[in-house]
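Asks: Structure file structure.cif (mmCIF, C-alpha atoms) right here:
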```
data_target
loop_
_atom_site.label_atom_id
_atom_site.label_comp_id
_atom_site.auth_asym_id
_atom_site.auth_seq_id
_atom_site.Cartn_x
_atom_site.Cartn_y
_atom_site.Cartn_z
CA MET A 17 -37.03 3.70 36.57
CA ALA A 18 -36.84 0.01 37.44
CA SER A 19 -35.74 -0.76 33.88
CA LYS A 20 -33.04 1.93 34.07
CA ARG A 21 -31.71 0.55 37.37
CA ALA A 22 -31.60 -2.97 35.95
CA HIS A 23 -29.61 -1.72 32.96
CA GLU A 24 -27.13 0.12 35.18
CA GLU A 25 -26.54 -3.04 37.18
CA LEU A 26 -25.59 -5.14 34.14
CA PRO A 27 -21.97 -6.23 34.46
CA VAL A 28 -19.32 -5.06 32.00
CA ILE A 29 -17.70 -8.17 30.54
CA ALA A 30 -15.15 -6.56 28.22
CA ARG A 31 -13.58 -3.22 27.38
CA PHE A 32 -11.46 -2.35 24.37
CA GLU A 33 -9.30 0.52 23.26
CA VAL A 34 -7.59 1.76 20.13
CA ARG A 35 -4.30 3.59 20.37
CA ARG A 36 -2.94 6.14 17.88
CA ARG A 37 0.74 6.36 16.93
CA ASN A 38 2.45 9.55 15.76
CA TYR A 39 5.95 10.95 16.18
CA LEU A 40 6.38 13.79 13.69
CA ALA A 41 4.19 16.90 13.56
CA PRO A 42 3.37 18.45 10.16
CA ASP A 43 6.21 20.95 10.59
CA GLY A 44 8.76 18.17 11.15
CA SER A 45 9.09 18.65 14.89
CA THR A 46 8.75 15.66 17.23
CA ASN A 47 5.93 15.28 19.71
CA ARG A 48 7.29 12.28 21.64
CA PRO A 49 10.52 10.27 21.91
CA LEU A 50 11.31 8.47 18.66
CA PRO A 51 11.77 4.68 18.41
CA VAL A 52 15.26 3.20 18.49
CA PHE A 53 15.55 2.67 14.74
CA ALA A 54 15.28 6.44 14.24
CA THR A 55 18.90 6.73 15.36
CA ASP A 56 19.89 5.02 12.10
CA ALA A 57 20.54 7.99 9.84
CA LYS A 58 21.15 5.77 6.81
CA LEU A 59 17.71 4.17 7.14
CA LEU A 60 15.97 7.51 7.61
CA VAL A 61 17.59 8.95 4.49
CA GLU A 62 16.68 5.84 2.50
CA LEU A 63 13.05 6.15 3.59
CA TYR A 64 13.03 9.76 2.39
CA ARG A 65 14.72 8.94 -0.91
CA SER A 66 12.18 6.19 -1.58
CA MET A 67 9.21 8.48 -0.98
CA VAL A 68 10.63 11.12 -3.31
CA LEU A 69 11.31 8.51 -6.00
CA LEU A 70 7.72 7.30 -5.71
CA ARG A 71 6.30 10.79 -6.10
CA GLN A 72 8.42 11.53 -9.15
CA PHE A 73 7.58 8.15 -10.65
CA ASP A 74 3.88 8.80 -10.14
CA ARG A 75 4.19 12.17 -11.84
CA LYS A 76 5.85 10.61 -14.87
CA ALA A 77 3.33 7.78 -15.04
CA VAL A 78 0.47 10.29 -15.15
CA ALA A 79 2.22 12.14 -17.97
CA LEU A 80 2.53 8.87 -19.89
CA GLN A 81 -1.15 8.13 -19.38
CA ARG A 82 -2.19 11.61 -20.50
CA THR A 83 -0.23 11.17 -23.71
CA GLY A 84 -1.71 7.76 -24.47
CA ARG A 85 1.36 5.69 -23.59
CA LEU A 86 0.02 4.09 -20.40
CA GLY A 87 -3.30 2.75 -19.20
CA THR A 88 -5.31 3.90 -16.19
CA TYR A 89 -2.97 4.61 -13.27
CA ALA A 90 -3.45 5.20 -9.52
CA VAL A 91 -1.09 7.69 -7.85
CA SER A 92 0.05 7.65 -4.23
CA LEU A 93 0.12 11.42 -3.78
CA GLY A 94 -0.18 12.16 -0.07
CA GLN A 95 0.26 8.61 1.15
CA GLU A 96 3.82 7.77 0.13
CA ALA A 97 4.77 7.15 3.77
CA VAL A 98 2.37 4.21 4.04
CA SER A 99 3.71 1.80 1.42
CA VAL A 100 7.35 2.80 2.00
CA GLY A 101 7.01 2.61 5.78
CA ILE A 102 5.37 -0.80 5.66
CA ALA A 103 7.70 -2.40 3.09
CA SER A 104 10.81 -1.12 4.84
CA ALA A 105 9.86 -3.12 7.95
CA MET A 106 9.46 -6.40 6.07
CA ARG A 107 12.03 -9.11 5.54
CA GLU A 108 12.68 -10.35 2.03
CA GLU A 109 11.14 -13.74 2.86
CA ASP A 110 7.88 -12.14 4.00
CA VAL A 111 5.02 -12.04 1.50
CA LEU A 112 3.56 -8.80 0.20
CA LEU A 113 -0.04 -8.67 -1.05
CA PRO A 114 -0.48 -5.15 -2.45
CA SER A 115 -3.40 -3.17 -3.75
CA TYR A 116 -3.22 -1.16 -6.97
CA ARG A 117 -1.86 1.93 -5.15
CA ASP A 118 1.17 0.40 -3.45
CA ASN A 119 3.95 1.06 -5.96
CA GLY A 120 6.14 2.38 -3.16
CA ALA A 121 6.18 -1.05 -1.51
CA LEU A 122 7.03 -2.79 -4.78
CA LEU A 123 9.87 -0.39 -5.57
CA TRP A 124 11.31 -0.87 -2.07
CA ARG A 125 11.22 -4.65 -2.54
CA GLY A 126 13.15 -4.53 -5.80
CA VAL A 127 10.53 -4.25 -8.52
CA LYS A 128 11.86 -2.17 -11.42
CA PRO A 129 9.96 0.97 -12.47
CA GLU A 130 9.67 -0.29 -16.05
CA GLU A 131 8.02 -3.48 -14.79
CA ILE A 132 5.34 -1.44 -13.05
CA LEU A 133 4.84 0.55 -16.25
CA LEU A 134 4.52 -2.64 -18.27
CA PHE A 135 1.72 -3.84 -16.01
CA TRP A 136 -0.21 -0.57 -16.24
CA GLY A 137 0.47 -0.57 -19.97
CA GLY A 138 -1.49 -3.80 -20.25
CA ASP A 139 1.48 -6.16 -20.52
CA GLU A 140 1.33 -9.22 -18.24
CA ARG A 141 5.12 -9.41 -18.26
CA GLY A 142 5.01 -6.61 -15.71
CA ASN A 143 3.94 -9.21 -13.15
CA GLN A 144 7.11 -11.23 -13.80
CA PHE A 145 8.90 -8.66 -11.69
CA SER A 146 12.35 -8.46 -10.16
CA GLY A 147 11.06 -8.35 -6.59
CA PRO A 148 10.63 -11.49 -4.47
CA ALA A 149 8.96 -14.17 -6.59
CA HIS A 150 6.65 -15.10 -3.71
CA ASP A 151 5.14 -11.61 -3.54
CA PHE A 152 1.69 -11.29 -5.07
CA PRO A 153 0.93 -9.08 -8.09
CA PHE A 154 -1.19 -5.93 -7.95
CA CYS A 155 -4.73 -6.61 -6.77
CA VAL A 156 -7.21 -4.40 -8.60
CA PRO A 157 -10.51 -5.90 -7.29
CA VAL A 158 -11.16 -4.14 -3.99
CA GLY A 159 -10.41 -6.27 -0.94
CA SER A 160 -10.01 -9.62 -2.67
CA GLN A 161 -6.36 -9.83 -1.63
CA ALA A 162 -7.35 -10.16 2.04
CA PRO A 163 -8.56 -13.79 1.76
CA HIS A 164 -5.42 -14.52 -0.27
CA ALA A 165 -3.33 -13.10 2.59
CA ALA A 166 -5.14 -15.26 5.13
CA GLY A 167 -4.51 -18.31 2.95
CA VAL A 168 -0.83 -17.47 2.59
CA ALA A 169 -0.50 -16.96 6.35
CA TYR A 170 -2.27 -20.26 7.01
CA ALA A 171 0.23 -22.04 4.76
CA LEU A 172 3.15 -20.34 6.52
CA LYS A 173 1.82 -21.47 9.89
CA LEU A 174 1.27 -25.05 8.71
CA ARG A 175 4.85 -25.15 7.42
CA ARG A 176 6.14 -23.60 10.65
CA GLU A 177 7.97 -20.96 8.65
CA PRO A 178 8.90 -17.74 10.51
CA ARG A 179 7.45 -15.55 7.76
CA VAL A 180 4.62 -13.03 7.67
CA ALA A 181 2.01 -12.09 5.08
CA VAL A 182 1.47 -8.35 4.77
CA CYS A 183 -1.75 -7.25 3.09
CA LEU A 184 -2.43 -3.66 2.00
CA PHE A 185 -5.80 -2.23 1.00
CA GLY A 186 -7.79 0.99 1.19
CA ASP A 187 -10.47 2.19 3.60
CA GLY A 188 -13.18 1.20 1.16
CA ALA A 189 -12.04 -2.42 1.31
CA THR A 190 -12.87 -2.58 5.02
CA SER A 191 -16.54 -2.37 4.02
CA LYS A 192 -16.23 -5.53 1.92
CA GLY A 193 -17.14 -8.99 3.15
CA ASP A 194 -13.87 -10.38 1.80
CA VAL A 195 -11.90 -8.38 4.35
CA TYR A 196 -14.12 -9.26 7.33
CA GLU A 197 -14.02 -12.95 6.47
CA ALA A 198 -10.25 -12.93 6.07
CA MET A 199 -9.77 -11.11 9.38
CA ASN A 200 -12.13 -13.46 11.19
CA PHE A 201 -10.33 -16.51 9.83
CA ALA A 202 -6.94 -15.01 10.72
CA GLY A 203 -8.08 -14.24 14.24
CA VAL A 204 -9.50 -17.70 14.88
CA HIS A 205 -6.32 -19.43 13.71
CA LYS A 206 -3.85 -16.83 15.05
CA LEU A 207 -2.26 -16.47 11.65
CA PRO A 208 0.98 -14.58 10.92
CA VAL A 209 -0.60 -11.79 8.89
CA VAL A 210 -0.65 -8.00 9.14
CA PHE A 211 -3.57 -6.16 7.55
CA VAL A 212 -2.89 -2.54 6.60
CA ALA A 213 -5.79 -0.26 5.68
CA THR A 214 -4.79 3.05 4.14
CA ASN A 215 -7.53 5.40 5.27
CA ASN A 216 -7.14 8.17 2.71
CA GLN A 217 -10.66 9.43 3.51
CA TRP A 218 -12.16 8.54 0.12
CA ALA A 219 -13.33 5.28 -1.48
CA ILE A 220 -13.27 6.75 -5.00
CA SER A 221 -15.99 9.42 -4.58
CA VAL A 222 -17.52 8.09 -1.34
CA PRO A 223 -16.29 9.81 1.85
CA LEU A 224 -15.45 7.69 4.87
CA ARG A 225 -18.47 8.92 6.85
CA LEU A 226 -20.82 7.39 4.26
CA GLN A 227 -19.19 3.97 4.18
CA SER A 228 -18.47 3.26 7.86
CA ALA A 229 -20.04 4.46 11.12
CA THR A 230 -17.10 3.36 13.26
CA GLU A 231 -14.99 6.00 14.99
CA THR A 232 -11.86 4.27 13.68
CA LEU A 233 -11.17 1.54 11.15
CA ALA A 234 -8.66 0.02 13.55
CA GLN A 235 -11.43 -1.07 15.91
CA LYS A 236 -12.76 -3.43 13.26
CA ALA A 237 -9.95 -5.79 14.25
CA ILE A 238 -11.45 -6.14 17.74
CA ALA A 239 -14.42 -8.10 16.42
CA ALA A 240 -11.98 -10.51 14.77
CA GLY A 241 -10.15 -11.04 18.05
CA PHE A 242 -6.91 -9.17 17.58
CA THR A 243 -5.27 -5.77 18.02
CA GLY A 244 -5.93 -2.80 15.80
CA GLU A 245 -3.85 0.36 15.89
CA GLN A 246 -4.37 3.73 14.25
CA VAL A 247 -1.24 5.36 12.84
CA ASP A 248 -0.50 8.75 11.31
CA GLY A 249 -0.08 7.69 7.71
CA CYS A 250 1.74 10.92 6.86
CA ASP A 251 4.50 10.09 9.37
CA VAL A 252 6.90 7.56 7.86
CA VAL A 253 8.63 7.06 11.22
CA ALA A 254 5.31 6.05 12.79
CA MET A 255 4.46 3.80 9.85
CA HIS A 256 7.79 1.96 10.00
CA ALA A 257 7.57 1.61 13.79
CA ALA A 258 4.00 0.26 13.70
CA ALA A 259 4.82 -2.18 10.91
CA GLU A 260 7.98 -3.34 12.64
CA GLU A 261 6.10 -4.14 15.86
CA ALA A 262 3.13 -5.74 14.13
CA ILE A 263 5.27 -7.93 11.87
CA ALA A 264 7.47 -9.00 14.77
CA ALA A 265 4.41 -9.99 16.82
CA ALA A 266 2.96 -12.00 13.94
CA ARG A 267 6.30 -13.68 13.32
CA GLU A 268 6.54 -14.69 16.98
CA GLY A 269 3.22 -16.52 16.83
CA LYS A 270 1.14 -13.84 18.55
CA GLY A 271 -1.42 -13.77 15.77
CA PRO A 272 -2.56 -11.12 13.30
CA ARG A 273 -2.42 -7.35 13.63
CA PHE A 274 -4.32 -4.52 11.96
CA ILE A 275 -2.92 -1.07 11.12
CA GLU A 276 -5.12 1.83 10.09
CA ALA A 277 -2.89 4.35 8.33
CA VAL A 278 -4.67 7.70 8.32
CA ALA A 279 -3.59 9.84 5.36
CA TYR A 280 -5.31 11.85 2.65
CA ARG A 281 -5.55 11.19 -1.07
CA LEU A 282 -4.29 14.48 -2.48
CA GLY A 283 -4.80 13.43 -6.09
CA ASP A 284 -7.59 11.83 -8.09
CA HIS A 285 -8.57 8.23 -7.38
CA THR A 286 -7.02 7.25 -10.70
CA THR A 287 -6.26 8.99 -13.97
CA SER A 288 -9.86 8.16 -14.96
CA ASP A 289 -11.26 10.19 -12.06
CA ASP A 290 -11.90 13.91 -11.48
CA ALA A 291 -11.94 14.44 -7.71
CA ALA A 292 -12.93 18.10 -8.15
CA ARG A 293 -16.46 16.86 -8.84
CA TYR A 294 -16.97 15.61 -5.28
CA ARG A 295 -14.61 17.52 -2.97
CA SER A 296 -13.64 21.15 -2.59
CA PRO A 297 -10.25 22.70 -3.37
CA ASP A 298 -10.17 24.14 0.15
CA GLU A 299 -10.40 20.67 1.67
CA VAL A 300 -7.53 19.37 -0.45
CA GLN A 301 -5.39 22.46 0.19
CA ALA A 302 -5.80 22.07 3.95
CA HIS A 303 -4.42 18.54 3.78
CA TRP A 304 -1.38 19.60 1.77
CA LYS A 305 -0.08 21.07 5.04
CA GLU A 306 0.14 17.53 6.44
CA GLU A 307 1.73 15.73 3.50
CA PRO A 308 4.49 13.23 4.33
CA ILE A 309 7.46 14.26 2.19
CA ALA A 310 7.71 17.90 3.26
CA ARG A 311 7.16 16.80 6.86
CA PHE A 312 9.98 14.26 6.82
CA ARG A 313 12.31 16.56 4.90
CA ALA A 314 11.82 19.23 7.58
CA TYR A 315 12.73 16.70 10.24
CA LEU A 316 15.87 15.54 8.41
CA VAL A 317 16.99 19.10 7.72
CA GLY A 318 16.44 19.98 11.37
CA ARG A 319 18.71 17.11 12.41
CA LYS A 320 21.30 18.13 9.79
CA LEU A 321 20.84 14.85 7.93
CA TRP A 322 19.72 16.50 4.68
CA THR A 323 20.75 19.59 2.72
CA LYS A 324 19.65 21.56 -0.31
CA ALA A 325 22.51 20.01 -2.27
CA ASP A 326 21.30 16.53 -1.26
CA GLU A 327 17.82 17.43 -2.49
CA GLU A 328 19.13 18.61 -5.85
CA ARG A 329 21.21 15.46 -6.31
CA LEU A 330 18.25 13.26 -5.40
CA ALA A 331 15.98 15.04 -7.88
CA ALA A 332 18.54 14.51 -10.64
CA GLU A 333 19.07 10.85 -9.71
CA CYS A 334 15.33 10.14 -9.65
CA HIS A 335 14.85 11.89 -12.99
CA GLU A 336 17.66 9.89 -14.60
CA ARG A 337 16.44 6.58 -13.19
CA ILE A 338 12.83 7.16 -14.18
CA GLU A 339 13.63 8.39 -17.69
CA ALA A 340 15.82 5.34 -18.28
CA ALA A 341 13.01 3.09 -17.06
CA VAL A 342 10.51 4.82 -19.32
CA GLU A 343 12.82 4.32 -22.28
CA ARG A 344 13.09 0.61 -21.51
CA TYR A 345 9.31 0.38 -21.16
CA LEU A 346 8.58 2.19 -24.41
CA THR A 347 11.12 0.16 -26.38
CA THR A 348 9.95 -3.22 -25.07
CA PRO A 349 8.68 -5.16 -28.10
CA SER A 350 4.92 -5.67 -27.99
CA ARG A 351 3.59 -9.13 -27.33
CA ARG A 352 1.65 -10.90 -30.02
CA PRO A 353 -2.17 -10.87 -29.47
CA GLU A 354 -2.40 -14.62 -28.94
CA THR A 355 -0.24 -14.41 -25.82
CA MET A 356 -3.26 -13.04 -23.93
CA PHE A 357 -4.22 -16.69 -23.37
CA ASP A 358 -0.86 -17.83 -22.03
CA ASN A 359 -1.40 -17.23 -18.31
CA LEU A 360 -5.05 -18.21 -17.96
CA TYR A 361 -4.95 -21.98 -17.50
CA ALA A 362 -2.42 -24.76 -16.95
CA ASP A 363 -4.14 -26.57 -19.83
CA LEU A 364 -5.97 -24.21 -22.17
CA PRO A 365 -9.58 -25.34 -22.83
CA GLU A 366 -10.29 -26.32 -26.42
CA ALA A 367 -12.52 -23.30 -27.09
CA TYR A 368 -9.77 -20.90 -26.08
CA ALA A 369 -7.10 -22.95 -27.80
CA ALA A 370 -8.97 -22.56 -31.08
CA GLN A 371 -9.14 -18.79 -30.59
CA ARG A 372 -5.43 -18.70 -29.83
CA HIS A 373 -4.64 -20.60 -33.00
CA GLU A 374 -6.82 -18.24 -35.02
CA LEU A 375 -5.10 -15.12 -33.61
CA ALA A 376 -1.72 -16.69 -34.26
CA GLY A 377 -2.70 -17.40 -37.86
CA GLU A 378 -2.08 -21.08 -37.35
CA SER A 379 -3.80 -23.65 -39.50
CA ASP A 380 -5.79 -26.52 -38.00
CA ALA A 381 -4.47 -28.76 -40.74
#
```
Could you quickly redo this structure as structure tokens?
Replies:
Amino acid sequence: MASKRAHEELPVIARFEVRRRNYLAPDGSTNRPLPVFATDAKLLVELYRSMVLLRQFDRKAVALQRTGRLGTYAVSLGQEAVSVGIASAMREEDVLLPSYRDNGALLWRGVKPEEILLFWGGDERGNQFSGPAHDFPFCVPVGSQAPHAAGVAYALKLRREPRVAVCLFGDGATSKGDVYEAMNFAGVHKLPVVFVATNNQWAISVPLRLQSATETLAQKAIAAGFTGEQVDGCDVVAMHAAAEEAIAAAREGKGPRFIEAVAYRLGDHTTSDDAARYRSPDEVQAHWKEEPIARFRAYLVGRKLWTKADEERLAAECHERIEAAVERYLTTPSRRPETMFDNLYADLPEAYAAQRHELAGESDA
């Protein structure tokens, strides 16, 4: 009893909380007043158009992979609102550090569909994209872009540039040391960086409950000394609003922010995966009721900002744009084998130089 009383008398030195942001219900109705930007009908329609383009692009990319014309590909099915919502809140001069599932952000920032296809087709020219040259290429190793983001943000702070690094990764990455170290460094130095974790419930075949015991992923920011917020990742209005606030705070010198975007991966992890082996059809079907595109379309239709005719025109426009991009991708002349060495080193080591010469059929004489 004495021990219990002593414990009860210990002072509380800190309390923390995690807030959740959501504006649109799954049926498209609103559950709280919308942010100011939601009065901009043009922006709302553009957000919707971008999500639809991404879904159609993903569908075509999978078809290309299944017919042997593209390498392994990761779709965004069910989480289109995350990458589009985040990218739409960025300025051009900000720096994007994407994961391998963030095609929506790249498309928003000006990367051409055929450039994305080139990358996933194994052609390094896909990374010489039309988006901002300072944006980083796809990061396939899980979580390794987080230290890069901290480094970029540190450079921006040293240069006193009002720019922000925005780093996207999945829930599985939050279990990696790379991410913790980057967040800790960012917190200590109050860096202008926003970390965005897309919690789609699955790290390949590992469910969230088996990779993290925390109630939220957002609370992981608390240990690093900054704010973490949980956001409905199927609500593009909430995603844009959260990103807008977080980026503005980082730009104003208030330090890093962390956004946990809660969504659900409706498709396979990649085209090399079969999710039916580790989750039930009933589970997936239940989450289809929450998916972001139908939700946002219902909202736009309810506000008379979108019609059936608009939908038909958009479908045709997306089809035409994607087919044209696919044609450009498929007709791009293949690179010669020796070019695989061209982007490895500033000065190619002698051993590799010899291999390059051999592949090129060049004589040592």
Asks: Taking all atoms listed in the file into account, which of A:Gln371, A:Arg117, A:Ala325, A:Gly167 comes nearest Phe154 (chain A)?
Replies: A:Arg117
Asks: Residues within 12 Å of His335 (chain A), please, as a PyMOL selection string. Count all atoms listed in the file; anything in the same chain fewer than 6 positions from it doesn't count.
Replies: chain A and resi 68-76+129+328-329+341-342
Asks: Carefully work through the PyMOL selection byres ((chain A and resi 270) around 12) for this structure and note down the residues it includes, as a list in words.
Replies: Lys173, Pro178, Val180, Ala202, Gly203, Val204, His205, Lys206, Leu207, Pro208, Val209, Val210, Gly241, Phe242, Thr243, Glu261, Ala262, Ile263, Ala264, Ala265, Ala266, Arg267, Glu268, Gly269, Gly271, Pro272 and Arg273 of chain A
Asks: Do you know which residues the PyMOL selection byres ((chain A and resi 96) around 8) returns on this file, as a PDB file with C-alpha atoms, in the frame of the given file?
Replies:
```pdb
ATOM      1  CA  MET A  67       9.210   8.480  -0.980  1.00  0.00           C
ATOM      2  CA  LEU A  70       7.720   7.300  -5.710  1.00  0.00           C
ATOM      3  CA  ARG A  71       6.300  10.790  -6.100  1.00  0.00           C
ATOM      4  CA  SER A  92       0.050   7.650  -4.230  1.00  0.00           C
ATOM      5  CA  LEU A  93       0.120  11.420  -3.780  1.00  0.00           C
ATOM      6  CA  GLY A  94      -0.180  12.160  -0.070  1.00  0.00           C
ATOM      7  CA  GLN A  95       0.260   8.610   1.150  1.00  0.00           C
ATOM      8  CA  ALA A  97       4.770   7.150   3.770  1.00  0.00           C
ATOM      9  CA  VAL A  98       2.370   4.210   4.040  1.00  0.00           C
ATOM     10  CA  SER A  99       3.710   1.800   1.420  1.00  0.00           C
ATOM     11  CA  VAL A 100       7.350   2.800   2.000  1.00  0.00           C
ATOM     12  CA  GLY A 120       6.140   2.380  -3.160  1.00  0.00           C
ATOM     13  CA  CYS A 250       1.740  10.920   6.860  1.00  0.00           C
ATOM     14  CA  PRO A 308       4.490  13.230   4.330  1.00  0.00           C
ATOM     15  CA  ILE A 309       7.460  14.260   2.190  1.00  0.00           C
TER      16      ILE A 309
END
```
Asks: Step by step, work through what the PyMOL selection byres ((chain A and resi 53-64) around 12) selects in the shown file, and finish by giving those residues as a count of residues only.
Replies: 57
Asks: Show me, as JSON, numbers by chain, the residues that have an atom within 10 Å of Gly138 (chain A) when counting only C-alpha atoms, minus same-chain residues fewer than 3 positions from it.
Replies: {"A": [86, 87, 88, 133, 134, 135, 141, 142]}
Asks: Kindly save the residues from that selection, with C-alpha atoms included, as a short mmCIF file (atom, residue, chain, number, x, y, z; two decimals), in the coordinates of the input.
Replies:
```cif
data_model
loop_
_atom_site.label_atom_id
_atom_site.label_comp_id
_atom_site.auth_asym_id
_atom_site.auth_seq_id
_atom_site.Cartn_x
_atom_site.Cartn_y
_atom_site.Cartn_z
CA LEU A 86 0.02 4.09 -20.40
CA GLY A 87 -3.30 2.75 -19.20
CA THR A 88 -5.31 3.90 -16.19
CA LEU A 133 4.84 0.55 -16.25
CA LEU A 134 4.52 -2.64 -18.27
CA PHE A 135 1.72 -3.84 -16.01
CA ARG A 141 5.12 -9.41 -18.26
CA GLY A 142 5.01 -6.61 -15.71
#
```
